[in-house]
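Pasted below: work.txt, compact mmCIF, C-alpha atoms.
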# COMPACT_ATOMS: atom_id res chain seq x y z
CA MET N 266 40.11 99.74 -61.65
CA SER N 267 39.26 102.96 -63.39
CA LYS N 268 39.98 106.29 -61.79
CA LEU N 269 36.93 108.43 -61.02
CA ILE N 270 37.46 112.15 -61.51
CA VAL N 271 35.06 114.92 -60.54
CA THR N 272 35.77 118.08 -62.50
CA GLU N 273 34.05 121.40 -61.81
CA PHE N 274 33.94 125.10 -62.60
CA LEU N 275 33.61 126.99 -59.31
CA THR N 276 33.64 130.63 -58.30
CA LEU N 277 35.40 132.07 -55.24
CA ASP N 278 32.13 131.81 -53.32
CA GLY N 279 31.89 128.11 -54.17
CA MET N 280 29.02 128.44 -56.61
CA PHE N 281 28.57 126.35 -59.69
CA GLU N 282 26.18 126.82 -62.50
CA ASP N 283 24.85 124.09 -64.71
CA PRO N 284 28.24 122.79 -65.64
CA ALA N 285 29.49 125.48 -67.94
CA PRO N 286 32.37 127.85 -67.27
CA PRO N 287 31.63 131.49 -66.38
CA THR N 288 31.87 133.52 -69.57
CA GLY N 289 34.46 136.24 -70.10
CA TYR N 290 37.57 134.27 -69.10
CA PRO N 291 39.21 133.19 -72.34
CA SER N 292 42.15 130.83 -71.86
CA SER N 293 43.68 128.40 -74.31
CA ASP N 294 45.15 126.51 -71.34
CA ILE N 295 41.67 125.79 -70.06
CA GLY N 296 40.58 124.60 -73.49
CA GLN N 297 43.55 122.29 -73.75
CA PHE N 298 43.05 121.01 -70.21
CA LYS N 299 39.38 120.22 -70.81
CA TYR N 300 40.25 118.54 -74.11
CA ASP N 301 42.99 116.37 -72.59
CA GLU N 302 40.74 115.49 -69.68
CA LEU N 303 37.94 114.32 -71.95
CA PHE N 304 40.24 112.33 -74.20
CA ALA N 305 41.79 110.58 -71.17
CA SER N 306 38.33 109.35 -70.20
CA ASP N 307 36.22 106.63 -71.72
CA ALA N 308 32.91 107.21 -69.98
CA LEU N 309 30.97 109.97 -68.26
CA LEU N 310 29.10 109.60 -64.97
CA LEU N 311 26.36 112.17 -64.61
CA GLY N 312 23.59 113.17 -62.28
CA ARG N 313 20.15 113.41 -63.79
CA VAL N 314 20.01 117.21 -64.07
CA THR N 315 23.40 117.50 -65.74
CA TYR N 316 22.57 114.58 -68.00
CA GLU N 317 19.37 116.26 -69.18
CA GLY N 318 21.13 119.53 -69.93
CA PHE N 319 23.99 117.80 -71.74
CA ALA N 320 21.73 115.44 -73.70
CA ARG N 321 19.83 118.46 -75.04
CA TYR N 322 22.90 120.54 -75.83
CA TRP N 323 25.71 118.31 -77.09
CA PRO N 324 23.90 116.57 -79.96
CA THR N 325 23.32 120.03 -81.46
CA MET N 326 27.11 120.52 -81.44
CA GLN N 327 27.94 117.29 -83.29
CA GLY N 328 30.53 117.92 -85.99
CA THR N 329 31.64 121.32 -84.64
CA SER N 330 34.69 120.02 -82.74
CA GLU N 331 36.48 116.86 -81.74
CA PHE N 332 35.45 117.68 -78.19
CA ALA N 333 31.75 117.75 -79.09
CA ASN N 334 32.04 114.54 -81.09
CA ARG N 335 33.65 112.76 -78.17
CA MET N 336 31.08 114.13 -75.73
CA ASN N 337 28.44 112.56 -77.93
CA SER N 338 30.17 109.25 -78.61
CA LEU N 339 31.30 108.32 -75.09
CA PRO N 340 29.07 106.02 -73.06
CA LYS N 341 27.32 107.74 -70.15
CA PHE N 342 26.14 106.34 -66.84
CA VAL N 343 23.34 108.33 -65.26
CA ALA N 344 22.26 108.42 -61.63
CA THR N 345 18.50 108.64 -61.87
CA THR N 346 15.42 107.19 -60.22
CA THR N 347 13.48 107.50 -63.49
CA PRO N 348 15.68 105.51 -65.87
CA LYS N 349 13.16 105.30 -68.71
CA GLY N 350 13.80 107.14 -71.93
CA LEU N 351 17.53 107.74 -71.58
CA GLU N 352 19.12 108.67 -74.87
CA TRP N 353 22.52 110.01 -75.93
CA ASN N 354 24.33 106.73 -75.45
CA ALA N 355 23.36 106.68 -71.77
CA THR N 356 22.43 103.89 -69.39
CA ALA N 357 21.06 104.24 -65.89
CA LEU N 358 23.03 103.26 -62.83
CA GLU N 359 20.49 100.67 -61.70
CA GLY N 360 19.66 99.84 -58.10
CA ASP N 361 21.83 101.23 -55.35
CA VAL N 362 23.85 103.97 -57.00
CA VAL N 363 26.95 103.43 -54.85
CA THR N 364 27.08 99.73 -55.68
CA ALA N 365 26.49 100.49 -59.34
CA VAL N 366 29.33 103.03 -59.45
CA LYS N 367 31.66 100.55 -57.73
CA GLN N 368 30.89 98.05 -60.47
CA VAL N 369 31.61 100.58 -63.19
CA LYS N 370 34.90 101.46 -61.48
CA GLN N 371 35.89 97.78 -61.44
CA GLN N 372 36.17 97.75 -65.19
CA GLU N 373 39.58 98.33 -66.67
CA GLY N 374 39.89 101.38 -68.82
CA GLN N 375 40.54 105.09 -68.96
CA ASN N 376 39.18 107.58 -66.45
CA LEU N 377 35.55 107.99 -65.51
CA LEU N 378 34.62 111.65 -65.63
CA VAL N 379 31.95 113.48 -63.65
CA TYR N 380 30.99 116.96 -64.85
CA GLY N 381 28.78 119.20 -62.72
CA SER N 382 26.22 116.83 -61.15
CA GLY N 383 26.16 118.59 -57.76
CA THR N 384 23.96 116.14 -55.86
CA PHE N 385 25.49 113.03 -57.41
CA ALA N 386 29.05 114.32 -56.95
CA GLN N 387 28.35 114.85 -53.24
CA THR N 388 27.14 111.26 -52.97
CA LEU N 389 30.31 110.04 -54.67
CA LEU N 390 32.53 112.16 -52.37
CA ARG N 391 30.71 110.95 -49.26
CA HIS N 392 31.16 107.33 -50.25
CA LYS N 393 34.85 107.82 -51.02
CA LEU N 394 34.42 106.85 -54.64
CA VAL N 395 36.22 109.92 -55.99
CA ASP N 396 39.91 109.58 -56.78
CA GLU N 397 40.48 113.14 -57.86
CA LEU N 398 38.62 116.43 -57.56
CA ARG N 399 39.57 119.05 -60.15
CA VAL N 400 38.44 122.60 -59.59
CA LEU N 401 38.80 125.42 -62.08
CA LEU N 402 38.46 128.36 -59.71
CA TYR N 403 37.18 131.49 -61.47
CA PRO N 404 38.04 134.93 -60.07
CA LEU N 405 34.57 136.13 -59.27
CA LEU N 406 31.88 136.10 -56.64
CA ARG N 407 28.59 135.10 -58.12
CA GLY N 408 26.72 136.51 -55.12
CA ASN N 409 23.92 134.02 -55.23
CA GLY N 410 23.27 130.65 -56.72
CA ARG N 411 23.91 127.07 -55.82
CA ARG N 412 26.92 125.96 -53.83
CA PHE N 413 28.70 122.87 -55.09
CA PHE N 414 29.39 121.49 -51.62
CA SER N 415 26.14 120.79 -49.80
CA GLY N 416 24.85 118.68 -46.96
CA GLU N 417 26.72 117.51 -43.90
CA TYR N 418 30.17 116.11 -44.33
CA HIS N 419 33.81 116.85 -43.65
CA LEU N 420 36.25 116.08 -46.41
CA PRO N 421 39.97 116.36 -45.78
CA LEU N 422 41.91 116.75 -49.01
CA LYS N 423 45.45 116.75 -50.28
CA LEU N 424 46.45 119.35 -52.86
CA ALA N 425 47.99 117.28 -55.67
CA SER N 426 48.78 120.24 -57.93
CA SER N 427 47.85 123.82 -58.68
CA ARG N 428 48.33 125.86 -61.81
CA GLU N 429 47.50 129.29 -63.20
CA MET N 430 45.44 128.84 -66.34
CA GLY N 431 45.34 132.45 -67.52
CA ALA N 432 42.53 135.00 -67.20
CA GLY N 433 42.90 134.70 -63.41
CA VAL N 434 41.62 131.13 -63.32
CA LEU N 435 43.32 128.59 -61.06
CA LEU N 436 43.32 124.85 -61.55
CA LEU N 437 43.35 123.09 -58.19
CA VAL N 438 43.65 119.32 -58.20
CA TYR N 439 42.79 117.58 -54.94
CA GLU N 440 42.88 113.98 -53.83
CA PRO N 441 41.00 112.72 -50.81
CA ALA N 442 43.39 112.67 -47.85
CA GLU N 443 43.93 109.48 -45.89
CA THR N 444 41.89 109.56 -42.74
CA MET R 107 38.77 129.70 -45.75
CA THR R 108 38.20 126.09 -46.69
CA MET R 109 38.12 125.11 -50.35
CA ASP R 110 34.32 125.16 -50.09
CA GLY R 111 34.38 128.74 -48.87
CA VAL R 112 33.75 128.32 -45.15
CA ALA R 113 35.41 130.88 -42.89
CA GLU R 114 33.83 130.04 -39.56
CA ALA R 115 35.45 127.95 -36.84
CA PRO R 116 38.92 127.33 -38.29
CA ASN R 117 39.71 125.43 -35.09
CA ILE R 118 37.57 122.62 -36.56
CA TRP R 119 39.17 122.43 -39.99
CA GLN R 120 42.54 124.15 -39.97
CA GLU R 121 45.24 121.53 -39.68
CA THR R 122 48.40 123.41 -40.38
CA PHE R 123 50.06 126.76 -40.15
CA ASP R 124 53.24 126.20 -42.12
CA GLU R 125 56.26 128.41 -42.75
CA ASP R 126 54.92 129.73 -46.06
CA MET R 127 51.71 130.80 -44.38
CA GLY R 128 53.83 132.35 -41.63
CA ALA R 129 55.83 134.28 -44.22
CA ALA R 130 52.63 135.53 -45.86
CA MET R 131 51.33 136.64 -42.46
CA GLN R 132 54.63 138.37 -41.74
CA GLY R 133 54.43 140.19 -45.08
CA MET R 134 50.90 141.31 -44.32
CA MET R 135 51.95 142.67 -40.91
CA GLU R 136 54.87 144.57 -42.40
CA GLU R 137 52.82 146.33 -45.05
CA THR R 138 49.93 147.21 -42.73
CA ASP R 139 49.71 150.44 -40.75
CA THR R 140 46.00 150.31 -39.94
CA VAL R 141 43.73 147.42 -39.01
CA LEU R 142 40.01 147.40 -39.67
CA LEU R 143 37.77 145.00 -37.76
CA GLY R 144 34.10 144.13 -37.72
CA ARG R 145 32.21 144.22 -34.44
CA VAL R 146 32.11 140.47 -33.86
CA THR R 147 35.80 140.01 -34.54
CA TYR R 148 36.55 143.00 -32.30
CA GLN R 149 34.53 141.54 -29.43
CA GLU R 150 36.25 138.16 -29.76
CA TRP R 151 39.75 139.42 -30.35
CA GLU R 152 40.08 142.27 -27.86
CA PRO R 153 39.83 140.11 -24.72
CA TYR R 154 41.89 137.31 -26.25
CA TRP R 155 44.83 139.22 -27.72
CA THR R 156 45.19 141.53 -24.72
CA SER R 157 45.17 138.63 -22.23
CA ASP R 158 48.09 136.70 -20.79
CA ASN R 159 46.91 133.50 -22.52
CA VAL R 160 48.59 134.20 -25.84
CA SER R 161 51.18 131.53 -26.57
CA ALA R 162 54.76 132.37 -27.51
CA ASP R 163 54.05 131.16 -31.08
CA ASN R 164 51.49 133.92 -31.45
CA ALA R 165 53.49 136.70 -29.78
CA GLY R 166 54.27 138.32 -33.14
CA PHE R 167 50.65 138.63 -34.13
CA ALA R 168 49.68 139.74 -30.61
CA ARG R 169 52.22 142.57 -30.78
CA PHE R 170 50.96 143.52 -34.24
CA ILE R 171 47.26 143.52 -33.40
CA ASN R 172 47.75 145.22 -30.04
CA THR R 173 49.96 148.06 -31.23
CA THR R 174 48.72 148.82 -34.75
CA PRO R 175 46.11 151.61 -34.93
CA LYS R 176 42.69 150.04 -35.28
CA TYR R 177 39.21 150.93 -36.43
CA VAL R 178 36.11 148.94 -35.54
CA VAL R 179 33.02 149.12 -37.72
CA SER R 180 29.84 149.05 -35.64
CA ARG R 181 26.56 150.89 -35.44
CA THR R 182 25.87 149.75 -31.89
CA LEU R 183 29.08 149.94 -29.88
CA LYS R 184 29.65 153.11 -27.85
CA ASP R 185 33.37 152.80 -27.38
CA THR R 186 36.07 150.37 -28.40
CA PRO R 187 38.86 150.01 -25.85
CA TRP R 188 41.74 147.60 -26.54
CA GLY R 189 43.04 146.35 -23.18
CA THR R 190 45.72 148.63 -21.84
CA PHE R 191 46.68 149.70 -25.36
CA ASN R 192 45.38 152.66 -27.32
CA ASN R 193 41.66 152.50 -27.96
CA ALA R 194 40.44 151.39 -31.32
CA GLN R 195 38.43 154.06 -33.10
CA LEU R 196 34.84 153.60 -34.07
CA VAL R 197 33.59 153.66 -37.65
CA LYS R 198 29.85 154.30 -37.85
CA ASN R 199 29.41 155.40 -41.43
CA LEU R 200 31.12 152.75 -43.51
CA LYS R 201 31.27 154.36 -46.91
CA GLU R 202 32.15 157.89 -45.79
CA ASP R 203 34.60 156.98 -43.01
CA ILE R 204 36.43 154.30 -44.98
CA THR R 205 36.69 156.50 -48.05
CA ASN R 206 38.25 159.21 -45.87
CA LEU R 207 40.56 156.72 -44.20
CA LYS R 208 41.73 155.40 -47.56
CA ALA R 209 42.40 158.94 -48.77
CA GLN R 210 45.01 159.46 -46.04
CA PRO R 211 48.63 158.78 -46.91
CA GLY R 212 50.17 155.65 -45.45
CA LYS R 213 50.57 151.95 -45.91
CA THR R 214 47.88 149.32 -46.24
CA ILE R 215 44.65 149.18 -44.29
CA THR R 216 44.11 145.49 -43.55
CA VAL R 217 40.91 143.73 -42.61
CA THR R 218 41.48 140.45 -40.81
CA GLY R 219 38.73 138.00 -39.93
CA SER R 220 35.49 140.02 -40.03
CA PRO R 221 33.59 138.22 -42.82
CA THR R 222 30.51 140.45 -42.52
CA LEU R 223 32.65 143.55 -42.90
CA VAL R 224 34.52 142.05 -45.87
CA ASN R 225 31.21 141.48 -47.64
CA SER R 226 30.05 145.03 -46.89
CA LEU R 227 33.32 146.45 -48.21
CA LEU R 228 33.04 144.32 -51.33
CA GLN R 229 29.47 145.35 -52.01
CA GLU R 230 30.32 149.04 -51.45
CA ASP R 231 33.34 148.71 -53.77
CA LEU R 232 35.67 149.85 -51.01
CA LEU R 233 37.98 146.83 -51.13
CA ASP R 234 41.05 147.00 -53.39
CA GLU R 235 42.66 143.66 -52.74
CA LEU R 236 41.56 140.31 -51.40
CA THR R 237 44.00 137.69 -50.13
CA LEU R 238 42.52 134.25 -49.73
CA THR R 239 44.06 131.36 -47.87
CA ILE R 240 42.37 128.29 -49.28
CA HIS R 241 42.78 125.27 -47.03
CA ASN R 242 42.77 121.75 -48.41
CA VAL R 243 39.57 120.62 -46.82
CA ALA R 244 35.86 120.92 -47.56
CA ALA R 245 34.16 121.79 -44.26
CA TYR R 246 30.53 121.73 -45.43
CA LYS R 247 29.39 123.13 -42.07
CA GLY R 248 29.90 126.72 -41.02
CA LYS R 249 29.20 130.21 -42.26
CA PRO R 250 30.65 130.90 -45.71
CA LEU R 251 33.10 133.75 -46.06
CA PHE R 252 31.15 135.25 -48.95
CA GLY R 253 27.48 135.98 -48.44
CA GLN R 254 24.83 136.90 -50.95
CA GLY R 255 25.38 139.98 -53.00
CA ASN R 256 26.02 141.36 -56.42
CA LEU R 257 28.40 139.71 -58.83
CA LYS R 258 31.99 140.90 -58.28
CA ARG R 259 34.94 140.24 -60.52
CA PHE R 260 38.65 140.11 -59.67
CA ASP R 261 42.04 139.89 -61.29
CA LEU R 262 44.46 137.31 -59.95
CA VAL R 263 47.70 139.08 -59.04
CA ASP R 264 49.59 136.44 -57.12
CA VAL R 265 49.23 132.80 -56.17
CA LYS R 266 51.31 130.17 -54.55
CA ALA R 267 50.79 126.84 -52.92
CA SER R 268 52.29 126.55 -49.46
CA ARG R 269 54.37 123.51 -48.57
CA THR R 270 51.37 121.79 -46.96
CA GLY R 271 49.09 122.46 -49.92
CA VAL R 272 47.33 125.61 -48.80
CA ILE R 273 46.66 128.06 -51.65
CA LEU R 274 47.65 131.68 -50.97
CA ALA R 275 45.94 133.76 -53.65
CA THR R 276 45.80 137.53 -53.97
CA TYR R 277 43.12 139.15 -56.10
CA GLN R 278 42.49 142.77 -57.03
CA THR R 279 38.91 143.85 -57.29
CA ARG R 280 37.85 145.10 -60.70
CA LYS R 281 36.40 148.54 -60.37
CA PRO R 282 32.86 148.85 -61.65
C-alpha cells encoding of this file:
Amino acid sequence: MSKLIVTEFLTLDGMFEDPAPPTGYPSSDIGQFKYDELFASDALLLGRVTYEGFARYWPTMQGTSEFANRMNSLPKFVATTTPKGLEWNATALEGDVVTAVKQVKQQEGQNLLVYGSGTFAQTLLRHKLVDELRVLLYPLLRGNGRRFFSGEYHLPLKLASSREMGAGVLLLVYEPAET
Amino acid sequence: MTMDGVAEAPNIWQETFDEDMGAAMQGMMEETDTVLLGRVTYQEWEPYWTSDNVSADNAGFARFINTTPKYVVSRTLKDTPWGTFNNAQLVKNLKEDITNLKAQPGKTITVTGSPTLVNSLLQEDLLDELTLTIHNVAAYKGKPLFGQGNLKRFDLVDVKASRTGVILATYQTRKP
C-alpha cells in the first residue's frame, strides 16, 4: 500500500490559488520541505485543471533544477472525464475514479502526491483515501478567490505535527481522525 | 475557527477545550481592559452571560465578560445594557470611535467572537493583532471567519500547538 498525501498552499482565509505558493514569503525550509516531499514520492495524482497547468509549465523548466526534472519524470495519474491527449507522462484514472485510486494505492512504492487539485482532493478526502493532509499556511488573507474546502462534508482530523517554516508560514500536517 | 476557516457554530465542531487553550484564554483576559463586540455577538452573549445558566467551568469567563468595560459596534441599537452590570457603550462610527479608543492609555482592547466586526476592523486597518485558534477539523458548513475583502498581510509572532492538537497562532497585521 502506498501512502496518499495531499499537499497544499493555503492562506488564513482558506483560499488556494492554482497550486503555487503566494509570492513574497522566501523560506529555505519550505524549499527543502517541498524537495523532500517530491523525492519521497514516486507518482503524482492530479485533478484535470492542475494537470493542465502543470503540463504546460513544468516541461519549460526541464533542466533548471532537480525538482523540475523530477516533476517531469514522475508518472502522473489524472482524474479526468476527457482522457484523450494526455501528455507529460500522464495516464487517466479510468472508470470510477475512487476505484481507480484504490488500485493505484494498492501498488507498493513511495508516496503518492496530490498537489492543488481542489475538486479531486475533496473527492479523495470524502472517500477516506487520503492518509495525510499537509498545509503550508501563509500569513495573509487573500480576500477573495477559491476556497480549498468545498461542498458538504465534515472531516475530523488529528494534528500529526506543526512547524514554523520561516517568513510567518506554518506547516500543519493532519491525518484523518478515527471516527 | 476550524482549519477550513469556519467560525460559526463551534458547538458542532469544537471537541475540546484543553488546558493550553485555557491558559491562552486566561492570558487574554489578564491583558484585556476593554472588550469590543459586534451587534450579533452582543445580542447573543448579553442574555447568556448575565443569566444563572452559566456553568462553574465558565465562571471565570463570565466574571471577565460581565465586569470588563465593553463597547458594542452597531448602527441600529439604541442602548446596550448588560444585565445588572454596567451598560456597554455604543460605537456608531467605527473608524473615528475606535481610533479614539485606541489612543487612550491602557491595556489591550480585545474583540471576541464578532466575525463581522473583525472583518470591518481588518479592512479599516484598525486591528493590530489577530489570535487564531485553529481546530483540527474541517467543518465545510458554516460562515467563514474571514469574508471577502482586500488582501491583508500579517507577521507571525507566536504559535504553539495545544496538547489536543489545536493551533494557537498570533499574527500582527502589517501596516499598509
Please produce, as a tab-separated table, a per-residue contact table for chain R versus chain N (criterion: any atom at most 7 Å away, all atoms listed in the file considered), showing the nearest atom pair and its distance in Å to one decimal, sorted by chain then residue number.
residue	atom	partner	partner_atom	distance
R:Asp110	CA	N:Gly279	CA	5.6
R:Gly111	CA	N:Asp278	CA	5.9
R:Asn242	CA	N:Leu422	CA	5.1
R:Val243	CA	N:Pro421	CA	4.4
R:Ala244	CA	N:Leu420	CA	5.0
R:Ala245	CA	N:His419	CA	5.0
R:Tyr246	CA	N:Tyr418	CA	5.7
R:Lys247	CA	N:Glu417	CA	6.5
R:Phe252	CA	N:Asp278	CA	5.6
R:Gly253	CA	N:Gly408	CA	6.7
R:Gln254	CA	N:Gly408	CA	4.6
R:Gly255	CA	N:Gly408	CA	4.3
R:Asn256	CA	N:Gly408	CA	5.1
R:Leu257	CA	N:Arg407	CA	4.7
R:Lys258	CA	N:Leu406	CA	5.1
R:Arg259	CA	N:Leu405	CA	4.3
R:Phe260	CA	N:Pro404	CA	5.2
R:Asp261	CA	N:Gly433	CA	5.7
R:Leu262	CA	N:Gly433	CA	4.6
R:Gly271	CA	N:Leu424	CA	5.0
From the list R:Thr222, R:Thr140, R:Asn192, R:Gln120, the nearest residue to R:Lys208 using all atoms listed in the file is R:Thr140
Stretch 372-378 of chain N: which residues within 6 Å, counting all atoms listed in the file, same-chain residues fewer than 5 positions away excluded, as number ranges by chain? N: 266-270, 306-310
Please report the interatomic distance between atom CA of N:Ser330 and atom CA of N:Tyr300 in Å with one decimal. 10.4 Å
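The set of protein, DNA and RNA residues with any counted atom at most 10 Å from (36.3, 143.6, -41.5) (only C-alpha atoms) reads Val141, Leu142, Leu143, Gly144, Arg145, Val146, Thr147, Tyr148, Tyr177, Val178, Val179, Thr216, Val217, Thr218, Gly219, Ser220, Pro221, Thr222, Leu223, Val224, Asn225, Ser226 and Leu227 of chain R.
Picture a line from atom CA of N:Asn337 to atom CA of N:Pro291; it runs 23.9 Å.
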Residue contacts of R:Ser180 (9 Å, all atoms listed in the file) excluding same-chain residues fewer than 6 positions away, as a tab-separated table (two decimals) with C-alpha atoms, in the coordinates of the input:
chain	number	residue	atom	x	y	z
R	144	GLY	CA	34.10	144.13	-37.72
R	145	ARG	CA	32.21	144.22	-34.44
R	196	LEU	CA	34.84	153.60	-34.07
R	197	VAL	CA	33.59	153.66	-37.65
R	198	LYS	CA	29.85	154.30	-37.85
R	199	ASN	CA	29.41	155.40	-41.43
R	200	LEU	CA	31.12	152.75	-43.51
Axis-aligned box for stretch 340-351 of chain N, 3 Å per side, centre and edges in Å as AutoDock Vina command-line options:
--center_x 21.1 --center_y 107.0 --center_z -66.6 --size_x 21.9 --size_y 9.3 --size_z 18.8
Within 8 Å of N:Glu282, counting only C-alpha atoms, which residues qualify if same-chain residues fewer than 3 places away don't, as JSON, numbers by chain? {"N": [274, 285, 286, 410, 411]}
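Shortest separation to N:Gly312 among N:Thr345, N:Thr356, N:Thr388, N:Thr364 occurs at residue N:Thr345, atoms counted being only C-alpha atoms.
Each of N:Ser338, N:Ser382, N:Thr325, N:Thr288 was checked against N:Leu303 using only C-alpha atoms; the smallest atom-to-atom distance is that of N:Ser338.
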Would you mind telling me which residue in N:Tyr322, N:Phe298, N:Phe304, N:Trp353 lies nearest to N:Pro284 when using only C-alpha atoms? N:Tyr322
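Taking atom CA of R:Pro250 and atom CA of R:Glu230 as endpoints, the distance between them is 19.0 Å.
Residue nearest N:Ala333 within the list N:Ala320, N:Asp396, N:Ala357, N:Val366: N:Ala320 [criterion: smallest interatomic distance, only C-alpha atoms].
Nearest residue to R:Gly189 among R:Gln149, R:Gln210, R:Ser161, R:Thr138 is R:Gln149, counting all atoms listed in the file.
Contact shell of R:Thr190 at 12 Å (only C-alpha atoms; same-chain neighbours under 5 positions omitted): Glu152, Pro153, Trp155, Thr156, Ser157, Asn172 and Thr173 of chain R.
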I want to know what sits within 10 Å of N:Val363, based on all atoms listed in the file, with residues of the same chain fewer than 6 positions away left out; could you give that as a ChimeraX atom specification? /N:344,369,388-389,392-394
Could you take the residues named above and write them with C-alpha atoms, as a JSON list (two decimals), keeping the file's coordinate frame?
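Writing the result to out-v2.json gives the following:
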[["chain", "number", "residue", "atom", "x", "y", "z"],
["N", 344, "ALA", "CA", 22.26, 108.42, -61.63],
["N", 369, "VAL", "CA", 31.61, 100.58, -63.19],
["N", 388, "THR", "CA", 27.14, 111.26, -52.97],
["N", 389, "LEU", "CA", 30.31, 110.04, -54.67],
["N", 392, "HIS", "CA", 31.16, 107.33, -50.25],
["N", 393, "LYS", "CA", 34.85, 107.82, -51.02],
["N", 394, "LEU", "CA", 34.42, 106.85, -54.64]]
